[in-house]
Amino acid sequence: MKGVFVTSTGTGAGKTTITASLARLLRARGLSPCALKPLETGVDPVPADALALAEACGRPELATMADWYRARSPVSPYAATLEGHPPPDLDRLVAALRRTASGGYALIEGAGGLLVPLDRHHTTADLAARLGLPLLLVVPDRLGVLSDTLSIVASAAQAGLSPCALVLSRASNPPDPSARFNAHILSERLDFPVVVAPWSRTPSDLDTALAESPLLARLASL
Ligand SMILES: Nc1ncnc2c1ncn2[C@@H]1O[C@H](COP(=O)(O)OP(=O)(O)OP(=O)(O)O)[C@@H](O)[C@H]1O
Ligand SMILES: [Mg+2]
């Protein structure tokens, strides 16, 4: 399987925003992106993240395949299970992801952050490890991101996972004062590329910004 597993320090970090942009850019370059959200909660009634990703690939049907785990409540997959929803079947999800993304460039968005519990025993890190994909970390470019990022990088290493790049996404304009230093400090400590995604008014503004960053070349080299 060729591609990346997109994860983060937590929910609302910018994963879908950045992944959709990368899918559009890869598609424009003639690669066949397959951007998927295999586990999505808060689906009431549509899987909004999965649809945004699928539409960015020009393949809306990818969002609604029966293989994916969907729960209505906006909680972690394990919490949805505790509310009575059937637990995700990781083996089935992995097989479906491999089958669906075969021959294309996989962009798999995890639910929430890296250590979100999927069931009693597994977290998102276990799903990423089974897929064997490098991690694309997307984190918010705001105060607190230094420790949060270094913590997930340490957790990733412990789980045998390798990040290939970090995107600091700016969801506010003007950015938080810490954003003047975050990329510099993190790039001093990390041995993979650190890229800033500027606050973007429209998806096409974000596409323009990311098209000029080293991120695409990094992804294409995997
Ligand atoms: N670079 C950016 N420019 C403008 N808005 C951004 C940027 N990055 C993130 N955002 C905004 O931040 C919010 C959260 O982003 P997004 O939904 O992509 O996060 P997520 O990590 O996918 O969340 P979830 O854990 O729910 O899947 C959205 O409203 C999105 O538009
Ligand atoms: Mg998302």
# chains A, B, ... in the order shown; residues from 1 in each chain; ligands from 1
>>> residues_near_ligand(ligand="ligand 2", cutoff="12 Å", atoms="only C-alpha atoms and all ligand atoms", output="PDB file with N, CA, C and O atoms, in the first residue's frame")
ATOM      1  N   VAL A   6      -2.996   9.693   8.091  1.00  0.00           N
ATOM      2  CA  VAL A   6      -3.042  11.070   8.605  1.00  0.00           C
ATOM      3  C   VAL A   6      -3.595  11.064  10.019  1.00  0.00           C
ATOM      4  O   VAL A   6      -4.740  10.648  10.256  1.00  0.00           O
ATOM      5  N   THR A   7      -2.769  11.522  10.951  1.00  0.00           N
ATOM      6  CA  THR A   7      -3.225  11.540  12.340  1.00  0.00           C
ATOM      7  C   THR A   7      -2.747  12.824  13.008  1.00  0.00           C
ATOM      8  O   THR A   7      -2.072  13.645  12.381  1.00  0.00           O
ATOM      9  N   SER A   8      -3.100  12.987  14.277  1.00  0.00           N
ATOM     10  CA  SER A   8      -2.825  14.280  14.910  1.00  0.00           C
ATOM     11  C   SER A   8      -2.781  14.172  16.418  1.00  0.00           C
ATOM     12  O   SER A   8      -2.898  13.089  16.985  1.00  0.00           O
ATOM     13  N   GLY A  10      -5.011  15.513  18.283  1.00  0.00           N
ATOM     14  CA  GLY A  10      -6.370  15.462  18.815  1.00  0.00           C
ATOM     15  C   GLY A  10      -7.371  15.822  17.744  1.00  0.00           C
ATOM     16  O   GLY A  10      -7.023  15.939  16.562  1.00  0.00           O
ATOM     17  N   THR A  11      -8.591  16.033  18.179  1.00  0.00           N
ATOM     18  CA  THR A  11      -9.643  16.335  17.211  1.00  0.00           C
ATOM     19  C   THR A  11      -9.599  17.813  16.789  1.00  0.00           C
ATOM     20  O   THR A  11      -9.046  18.642  17.511  1.00  0.00           O
ATOM     21  N   GLY A  12     -10.112  18.107  15.622  1.00  0.00           N
ATOM     22  CA  GLY A  12     -10.172  19.493  15.143  1.00  0.00           C
ATOM     23  C   GLY A  12      -8.815  20.080  14.813  1.00  0.00           C
ATOM     24  O   GLY A  12      -8.614  21.297  14.878  1.00  0.00           O
ATOM     25  N   ALA A  13      -7.858  19.237  14.442  1.00  0.00           N
ATOM     26  CA  ALA A  13      -6.482  19.701  14.207  1.00  0.00           C
ATOM     27  C   ALA A  13      -6.258  20.217  12.790  1.00  0.00           C
ATOM     28  O   ALA A  13      -5.283  20.915  12.525  1.00  0.00           O
ATOM     29  N   GLY A  14      -7.139  19.828  11.865  1.00  0.00           N
ATOM     30  CA  GLY A  14      -6.948  20.210  10.462  1.00  0.00           C
ATOM     31  C   GLY A  14      -6.717  19.020   9.542  1.00  0.00           C
ATOM     32  O   GLY A  14      -6.384  19.202   8.369  1.00  0.00           O
ATOM     33  N   LYS A  15      -6.906  17.797  10.042  1.00  0.00           N
ATOM     34  CA  LYS A  15      -6.632  16.594   9.233  1.00  0.00           C
ATOM     35  C   LYS A  15      -7.440  16.576   7.937  1.00  0.00           C
ATOM     36  O   LYS A  15      -6.889  16.356   6.858  1.00  0.00           O
ATOM     37  N   THR A  16      -8.755  16.768   8.054  1.00  0.00           N
ATOM     38  CA  THR A  16      -9.597  16.686   6.850  1.00  0.00           C
ATOM     39  C   THR A  16      -9.271  17.823   5.887  1.00  0.00           C
ATOM     40  O   THR A  16      -9.166  17.609   4.666  1.00  0.00           O
ATOM     41  N   THR A  17      -9.079  19.010   6.440  1.00  0.00           N
ATOM     42  CA  THR A  17      -8.773  20.187   5.613  1.00  0.00           C
ATOM     43  C   THR A  17      -7.502  19.948   4.795  1.00  0.00           C
ATOM     44  O   THR A  17      -7.473  20.166   3.582  1.00  0.00           O
ATOM     45  N   ILE A  18      -6.463  19.489   5.458  1.00  0.00           N
ATOM     46  CA  ILE A  18      -5.168  19.287   4.783  1.00  0.00           C
ATOM     47  C   ILE A  18      -5.233  18.079   3.838  1.00  0.00           C
ATOM     48  O   ILE A  18      -4.734  18.133   2.709  1.00  0.00           O
ATOM     49  N   THR A  19      -5.868  17.000   4.292  1.00  0.00           N
ATOM     50  CA  THR A  19      -5.927  15.785   3.471  1.00  0.00           C
ATOM     51  C   THR A  19      -6.715  16.028   2.191  1.00  0.00           C
ATOM     52  O   THR A  19      -6.321  15.565   1.109  1.00  0.00           O
ATOM     53  N   ALA A  20      -7.811  16.775   2.289  1.00  0.00           N
ATOM     54  CA  ALA A  20      -8.608  17.069   1.087  1.00  0.00           C
ATOM     55  C   ALA A  20      -7.779  17.892   0.104  1.00  0.00           C
ATOM     56  O   ALA A  20      -7.798  17.646  -1.112  1.00  0.00           O
ATOM     57  N   ALA A  35      -8.606   9.001  -0.776  1.00  0.00           N
ATOM     58  CA  ALA A  35      -8.637   9.598   0.561  1.00  0.00           C
ATOM     59  C   ALA A  35      -9.850   9.068   1.314  1.00  0.00           C
ATOM     60  O   ALA A  35     -10.988   9.287   0.898  1.00  0.00           O
ATOM     61  N   LEU A  36      -9.580   8.369   2.416  1.00  0.00           N
ATOM     62  CA  LEU A  36     -10.626   7.627   3.111  1.00  0.00           C
ATOM     63  C   LEU A  36     -10.657   7.950   4.595  1.00  0.00           C
ATOM     64  O   LEU A  36      -9.614   8.234   5.207  1.00  0.00           O
ATOM     65  N   LYS A  37     -11.835   7.883   5.166  1.00  0.00           N
ATOM     66  CA  LYS A  37     -12.012   8.017   6.616  1.00  0.00           C
ATOM     67  C   LYS A  37     -12.722   6.748   7.064  1.00  0.00           C
ATOM     68  O   LYS A  37     -13.946   6.641   7.021  1.00  0.00           O
ATOM     69  N   PRO A  38     -11.960   5.714   7.455  1.00  0.00           N
ATOM     70  CA  PRO A  38     -12.579   4.412   7.715  1.00  0.00           C
ATOM     71  C   PRO A  38     -13.429   4.372   8.975  1.00  0.00           C
ATOM     72  O   PRO A  38     -14.362   3.564   9.044  1.00  0.00           O
ATOM     73  N   LEU A  39     -13.084   5.202   9.965  1.00  0.00           N
ATOM     74  CA  LEU A  39     -13.905   5.252  11.177  1.00  0.00           C
ATOM     75  C   LEU A  39     -14.359   6.696  11.362  1.00  0.00           C
ATOM     76  O   LEU A  39     -13.517   7.591  11.513  1.00  0.00           O
ATOM     77  N   GLU A  40     -15.656   6.895  11.336  1.00  0.00           N
ATOM     78  CA  GLU A  40     -16.153   8.256  11.563  1.00  0.00           C
ATOM     79  C   GLU A  40     -17.341   8.210  12.510  1.00  0.00           C
ATOM     80  O   GLU A  40     -18.269   7.420  12.320  1.00  0.00           O
ATOM     81  N   THR A  41     -17.303   9.061  13.509  1.00  0.00           N
ATOM     82  CA  THR A  41     -18.425   9.184  14.440  1.00  0.00           C
ATOM     83  C   THR A  41     -19.050  10.562  14.236  1.00  0.00           C
ATOM     84  O   THR A  41     -18.528  11.385  13.478  1.00  0.00           O
ATOM     85  N   GLY A  42     -20.166  10.808  14.888  1.00  0.00           N
ATOM     86  CA  GLY A  42     -20.875  12.060  14.658  1.00  0.00           C
ATOM     87  C   GLY A  42     -21.510  12.075  13.269  1.00  0.00           C
ATOM     88  O   GLY A  42     -21.699  13.130  12.675  1.00  0.00           O
ATOM     89  N   VAL A  43     -21.798  10.896  12.754  1.00  0.00           N
ATOM     90  CA  VAL A  43     -22.400  10.766  11.412  1.00  0.00           C
ATOM     91  C   VAL A  43     -23.915  10.897  11.567  1.00  0.00           C
ATOM     92  O   VAL A  43     -24.592   9.958  11.958  1.00  0.00           O
ATOM     93  N   PRO A  47     -21.509  11.208   6.640  1.00  0.00           N
ATOM     94  CA  PRO A  47     -20.119  11.222   7.117  1.00  0.00           C
ATOM     95  C   PRO A  47     -19.383  12.416   6.483  1.00  0.00           C
ATOM     96  O   PRO A  47     -18.814  12.299   5.400  1.00  0.00           O
ATOM     97  N   ALA A  48     -19.423  13.563   7.159  1.00  0.00           N
ATOM     98  CA  ALA A  48     -18.962  14.822   6.539  1.00  0.00           C
ATOM     99  C   ALA A  48     -17.490  14.765   6.147  1.00  0.00           C
ATOM    100  O   ALA A  48     -17.108  15.213   5.052  1.00  0.00           O
ATOM    101  N   ASP A  49     -16.644  14.202   7.017  1.00  0.00           N
ATOM    102  CA  ASP A  49     -15.213  14.131   6.702  1.00  0.00           C
ATOM    103  C   ASP A  49     -14.974  13.220   5.498  1.00  0.00           C
ATOM    104  O   ASP A  49     -14.268  13.577   4.549  1.00  0.00           O
ATOM    105  N   ALA A  50     -15.568  12.033   5.566  1.00  0.00           N
ATOM    106  CA  ALA A  50     -15.380  11.060   4.479  1.00  0.00           C
ATOM    107  C   ALA A  50     -15.846  11.644   3.155  1.00  0.00           C
ATOM    108  O   ALA A  50     -15.197  11.448   2.121  1.00  0.00           O
ATOM    109  N   LEU A  51     -16.941  12.391   3.188  1.00  0.00           N
ATOM    110  CA  LEU A  51     -17.458  12.985   1.944  1.00  0.00           C
ATOM    111  C   LEU A  51     -16.523  14.064   1.414  1.00  0.00           C
ATOM    112  O   LEU A  51     -16.270  14.137   0.208  1.00  0.00           O
ATOM    113  N   ALA A  52     -16.003  14.898   2.320  1.00  0.00           N
ATOM    114  CA  ALA A  52     -15.069  15.951   1.885  1.00  0.00           C
ATOM    115  C   ALA A  52     -13.845  15.320   1.217  1.00  0.00           C
ATOM    116  O   ALA A  52     -13.362  15.793   0.179  1.00  0.00           O
ATOM    117  N   LEU A  53     -13.365  14.217   1.800  1.00  0.00           N
ATOM    118  CA  LEU A  53     -12.187  13.538   1.239  1.00  0.00           C
ATOM    119  C   LEU A  53     -12.512  12.886  -0.095  1.00  0.00           C
ATOM    120  O   LEU A  53     -11.750  12.992  -1.070  1.00  0.00           O
ATOM    121  N   PRO A  74     -21.174  11.791  18.503  1.00  0.00           N
ATOM    122  CA  PRO A  74     -19.871  12.426  18.242  1.00  0.00           C
ATOM    123  C   PRO A  74     -18.869  12.144  19.364  1.00  0.00           C
ATOM    124  O   PRO A  74     -18.423  13.040  20.088  1.00  0.00           O
ATOM    125  N   ILE A 108      -5.217   8.064   4.382  1.00  0.00           N
ATOM    126  CA  ILE A 108      -6.192   7.499   5.317  1.00  0.00           C
ATOM    127  C   ILE A 108      -6.262   8.399   6.550  1.00  0.00           C
ATOM    128  O   ILE A 108      -5.271   8.539   7.280  1.00  0.00           O
ATOM    129  N   GLU A 109      -7.413   9.019   6.773  1.00  0.00           N
ATOM    130  CA  GLU A 109      -7.559   9.902   7.944  1.00  0.00           C
ATOM    131  C   GLU A 109      -8.066   9.108   9.139  1.00  0.00           C
ATOM    132  O   GLU A 109      -9.110   8.473   9.087  1.00  0.00           O
ATOM    133  N   GLY A 110      -7.305   9.166  10.234  1.00  0.00           N
ATOM    134  CA  GLY A 110      -7.725   8.524  11.472  1.00  0.00           C
ATOM    135  C   GLY A 110      -8.778   9.364  12.184  1.00  0.00           C
ATOM    136  O   GLY A 110      -8.972  10.542  11.885  1.00  0.00           O
ATOM    137  N   ALA A 111      -9.472   8.733  13.134  1.00  0.00           N
ATOM    138  CA  ALA A 111     -10.455   9.455  13.944  1.00  0.00           C
ATOM    139  C   ALA A 111      -9.707  10.145  15.084  1.00  0.00           C
ATOM    140  O   ALA A 111      -8.970   9.501  15.817  1.00  0.00           O
ATOM    141  N   GLY A 112      -9.884  11.467  15.237  1.00  0.00           N
ATOM    142  CA  GLY A 112      -9.255  12.196  16.350  1.00  0.00           C
ATOM    143  C   GLY A 112      -7.742  12.073  16.346  1.00  0.00           C
ATOM    144  O   GLY A 112      -7.108  12.145  15.294  1.00  0.00           O
ATOM    145  N   GLY A 113      -7.154  11.863  17.525  1.00  0.00           N
ATOM    146  CA  GLY A 113      -5.697  11.796  17.671  1.00  0.00           C
ATOM    147  C   GLY A 113      -5.156  10.378  17.628  1.00  0.00           C
ATOM    148  O   GLY A 113      -5.918   9.400  17.534  1.00  0.00           O
ATOM    149  N   VAL A 138      -0.751  16.042  11.376  1.00  0.00           N
ATOM    150  CA  VAL A 138      -1.347  17.368  11.167  1.00  0.00           C
ATOM    151  C   VAL A 138      -1.726  17.900  12.541  1.00  0.00           C
ATOM    152  O   VAL A 138      -2.493  17.263  13.268  1.00  0.00           O
ATOM    153  N   VAL A 139      -1.158  19.052  12.888  1.00  0.00           N
ATOM    154  CA  VAL A 139      -1.385  19.589  14.234  1.00  0.00           C
ATOM    155  C   VAL A 139      -1.744  21.071  14.126  1.00  0.00           C
ATOM    156  O   VAL A 139      -1.364  21.739  13.158  1.00  0.00           O
TER     157      VAL A 139
END
>>> residues_around(residues="A:Ala183", least_positions_apart="5", cutoff="12 Å", atoms="only C-alpha atoms", output="short mmCIF file (atom, residue, chain, number, x, y, z; two decimals) with C-alpha atoms, in the first residue's frame")
data_model
loop_
_atom_site.label_atom_id
_atom_site.label_comp_id
_atom_site.auth_asym_id
_atom_site.auth_seq_id
_atom_site.Cartn_x
_atom_site.Cartn_y
_atom_site.Cartn_z
CA VAL A 139 -1.39 19.59 14.23
CA PRO A 140 -2.85 23.01 15.05
CA ASP A 141 -0.29 25.84 14.91
CA ARG A 142 -1.15 27.26 18.32
CA LEU A 143 0.06 27.45 21.90
CA VAL A 145 1.45 22.29 20.10
CA LEU A 146 5.12 21.79 21.07
CA THR A 149 3.50 17.11 19.07
CA ALA A 165 6.15 14.92 7.72
CA LEU A 166 4.43 17.33 10.09
CA VAL A 167 1.92 19.97 8.98
CA LEU A 168 1.24 22.87 11.34
CA SER A 169 -2.17 24.10 10.28
CA ARG A 170 -3.29 27.64 11.09
CA SER A 178 3.27 31.05 19.40
CA GLU A 188 15.04 21.56 15.37
CA ARG A 189 13.79 18.49 17.25
CA LEU A 190 12.28 16.35 14.50
CA PHE A 192 11.30 14.85 9.14
CA PRO A 193 10.01 17.92 7.27
CA VAL A 194 7.86 20.47 9.11
CA VAL A 195 5.50 22.47 6.90
CA VAL A 196 3.19 25.37 7.79
CA ALA A 197 -0.26 25.43 6.21
CA PRO A 198 -1.29 29.10 6.37
#
>>> residues_around(residues="stretch 217-221 of chain A", least_positions_apart="3", cutoff="10 Å", atoms="only C-alpha atoms", output="list in words")
Lys2, Gly3, Val4, Leu22, Leu26, Leu31, Tyr105, Pro134, Leu136, Cys164, Ala165, Phe192, Pro193, Ala211, Glu212, Ser213 and Pro214 of chain A
>>> select_by_dssp(residues="stretch 51-128 of chain A", states="helix (DSSP H, G or I)", output="NGL selection string")
:A and (51-56 or 60-64 or 77-82 or 90-101 or 124-128)
>>> atom_distance(atom1="atom CA of A:Asp119", atom2="atom CA of A:Ser73")
15.2 Å
>>> atom_distance(atom1="atom CA of A:Asp205", atom2="atom CA of A:Thr64")
27.9 Å
>>> select_by_dssp(residues="stretch 168-206 of chain A", states="strand (DSSP E or B)", output="PyMOL selection string")
chain A and resi 168-169+194-197
>>> atom_distance(atom1="atom CA of A:Ala171", atom2="atom 1 (N, counted along the ligand's line) of ligand 1")
5.1 Å
>>> closest_residue(among="A:Leu97, A:Val75, A:Ala80, A:Leu222", to="ligand 1", atoms="only C-alpha atoms and all ligand atoms")
A:Val75
>>> decode(residues="stretch 185-198 of chain A", atoms="all heavy atoms", output="mmCIF file, in the first residue's frame")
data_model
loop_
_atom_site.group_PDB
_atom_site.id
_atom_site.type_symbol
_atom_site.label_atom_id
_atom_site.label_comp_id
_atom_site.auth_asym_id
_atom_site.auth_seq_id
_atom_site.Cartn_x
_atom_site.Cartn_y
_atom_site.Cartn_z
ATOM 1 N N ILE A 185 10.992 25.610 16.250
ATOM 2 C CA ILE A 185 11.355 24.773 17.408
ATOM 3 C C ILE A 185 11.128 23.291 17.093
ATOM 4 O O ILE A 185 11.958 22.437 17.414
ATOM 5 C CB ILE A 185 10.551 25.219 18.657
ATOM 6 C CG1 ILE A 185 10.998 26.621 19.071
ATOM 7 C CG2 ILE A 185 10.723 24.226 19.805
ATOM 8 C CD1 ILE A 185 10.123 27.271 20.141
ATOM 9 N N LEU A 186 10.025 22.986 16.430
ATOM 10 C CA LEU A 186 9.758 21.572 16.121
ATOM 11 C C LEU A 186 10.726 21.039 15.080
ATOM 12 O O LEU A 186 11.195 19.906 15.187
ATOM 13 C CB LEU A 186 8.298 21.383 15.682
ATOM 14 C CG LEU A 186 7.293 21.511 16.838
ATOM 15 C CD1 LEU A 186 5.861 21.575 16.326
ATOM 16 C CD2 LEU A 186 7.460 20.364 17.845
ATOM 17 N N SER A 187 11.075 21.878 14.090
ATOM 18 C CA SER A 187 11.995 21.350 13.067
ATOM 19 C C SER A 187 13.384 21.116 13.657
ATOM 20 O O SER A 187 14.115 20.242 13.176
ATOM 21 C CB SER A 187 12.039 22.233 11.830
ATOM 22 O OG SER A 187 12.413 23.509 12.185
ATOM 23 N N GLU A 188 13.750 21.837 14.714
ATOM 24 C CA GLU A 188 15.040 21.561 15.374
ATOM 25 C C GLU A 188 15.052 20.192 16.052
ATOM 26 O O GLU A 188 16.096 19.589 16.236
ATOM 27 C CB GLU A 188 15.298 22.611 16.466
ATOM 28 C CG GLU A 188 15.810 23.928 15.943
ATOM 29 C CD GLU A 188 16.069 24.914 17.078
ATOM 30 O OE1 GLU A 188 15.482 24.774 18.186
ATOM 31 O OE2 GLU A 188 16.847 25.841 16.869
ATOM 32 N N ARG A 189 13.859 19.733 16.464
ATOM 33 C CA ARG A 189 13.787 18.495 17.253
ATOM 34 C C ARG A 189 13.334 17.266 16.468
ATOM 35 O O ARG A 189 13.388 16.157 16.990
ATOM 36 C CB ARG A 189 12.819 18.700 18.435
ATOM 37 C CG ARG A 189 13.424 19.508 19.557
ATOM 38 C CD ARG A 189 12.344 19.899 20.548
ATOM 39 N NE ARG A 189 12.918 20.334 21.816
ATOM 40 C CZ ARG A 189 13.477 21.522 22.001
ATOM 41 N NH1 ARG A 189 13.582 22.380 21.000
ATOM 42 N NH2 ARG A 189 13.960 21.848 23.193
ATOM 43 N N LEU A 190 12.842 17.489 15.255
ATOM 44 C CA LEU A 190 12.278 16.354 14.502
ATOM 45 C C LEU A 190 13.132 16.069 13.274
ATOM 46 O O LEU A 190 13.709 16.991 12.682
ATOM 47 C CB LEU A 190 10.837 16.678 14.082
ATOM 48 C CG LEU A 190 9.879 16.960 15.255
ATOM 49 C CD1 LEU A 190 8.508 17.401 14.755
ATOM 50 C CD2 LEU A 190 9.754 15.742 16.169
ATOM 51 N N ASP A 191 13.193 14.805 12.890
ATOM 52 C CA ASP A 191 14.060 14.463 11.753
ATOM 53 C C ASP A 191 13.239 14.215 10.482
ATOM 54 O O ASP A 191 13.593 13.394 9.657
ATOM 55 C CB ASP A 191 14.951 13.253 12.094
ATOM 56 C CG ASP A 191 14.134 12.035 12.459
ATOM 57 O OD1 ASP A 191 12.879 12.121 12.411
ATOM 58 O OD2 ASP A 191 14.732 10.993 12.789
ATOM 59 N N PHE A 192 12.100 14.899 10.372
ATOM 60 C CA PHE A 192 11.300 14.847 9.140
ATOM 61 C C PHE A 192 10.797 16.267 8.873
ATOM 62 O O PHE A 192 10.815 17.115 9.768
ATOM 63 C CB PHE A 192 10.155 13.824 9.272
ATOM 64 C CG PHE A 192 9.389 13.885 10.561
ATOM 65 C CD1 PHE A 192 8.339 14.777 10.735
ATOM 66 C CD2 PHE A 192 9.743 13.061 11.628
ATOM 67 C CE1 PHE A 192 7.640 14.836 11.922
ATOM 68 C CE2 PHE A 192 9.048 13.116 12.838
ATOM 69 C CZ PHE A 192 7.998 14.006 12.978
ATOM 70 N N PRO A 193 10.369 16.555 7.628
ATOM 71 C CA PRO A 193 10.012 17.923 7.265
ATOM 72 C C PRO A 193 8.822 18.473 8.073
ATOM 73 O O PRO A 193 7.870 17.751 8.367
ATOM 74 C CB PRO A 193 9.632 17.821 5.786
ATOM 75 C CG PRO A 193 10.233 16.548 5.303
ATOM 76 C CD PRO A 193 10.325 15.634 6.471
ATOM 77 N N VAL A 194 8.930 19.744 8.409
ATOM 78 C CA VAL A 194 7.859 20.472 9.110
ATOM 79 C C VAL A 194 7.366 21.568 8.168
ATOM 80 O O VAL A 194 8.157 22.376 7.690
ATOM 81 C CB VAL A 194 8.393 21.095 10.420
ATOM 82 C CG1 VAL A 194 7.320 21.959 11.091
ATOM 83 C CG2 VAL A 194 8.880 19.993 11.371
ATOM 84 N N VAL A 195 6.074 21.551 7.880
ATOM 85 C CA VAL A 195 5.499 22.469 6.896
ATOM 86 C C VAL A 195 4.378 23.258 7.555
ATOM 87 O O VAL A 195 3.584 22.693 8.309
ATOM 88 C CB VAL A 195 4.918 21.636 5.713
ATOM 89 C CG1 VAL A 195 4.095 22.492 4.776
ATOM 90 C CG2 VAL A 195 6.044 20.930 4.970
ATOM 91 N N VAL A 196 4.304 24.561 7.274
ATOM 92 C CA VAL A 196 3.189 25.372 7.791
ATOM 93 C C VAL A 196 2.123 25.479 6.709
ATOM 94 O O VAL A 196 2.414 25.796 5.555
ATOM 95 C CB VAL A 196 3.678 26.777 8.198
ATOM 96 C CG1 VAL A 196 2.498 27.690 8.523
ATOM 97 C CG2 VAL A 196 4.607 26.678 9.406
ATOM 98 N N ALA A 197 0.875 25.185 7.100
ATOM 99 C CA ALA A 197 -0.265 25.430 6.208
ATOM 100 C C ALA A 197 -0.901 26.734 6.677
ATOM 101 O O ALA A 197 -1.489 26.777 7.764
ATOM 102 C CB ALA A 197 -1.264 24.288 6.281
ATOM 103 N N PRO A 198 -0.766 27.813 5.915
ATOM 104 C CA PRO A 198 -1.293 29.099 6.373
ATOM 105 C C PRO A 198 -2.814 29.083 6.483
ATOM 106 O O PRO A 198 -3.473 28.266 5.820
ATOM 107 C CB PRO A 198 -0.833 30.070 5.284
ATOM 108 C CG PRO A 198 -0.591 29.245 4.078
ATOM 109 C CD PRO A 198 -0.217 27.870 4.557
#
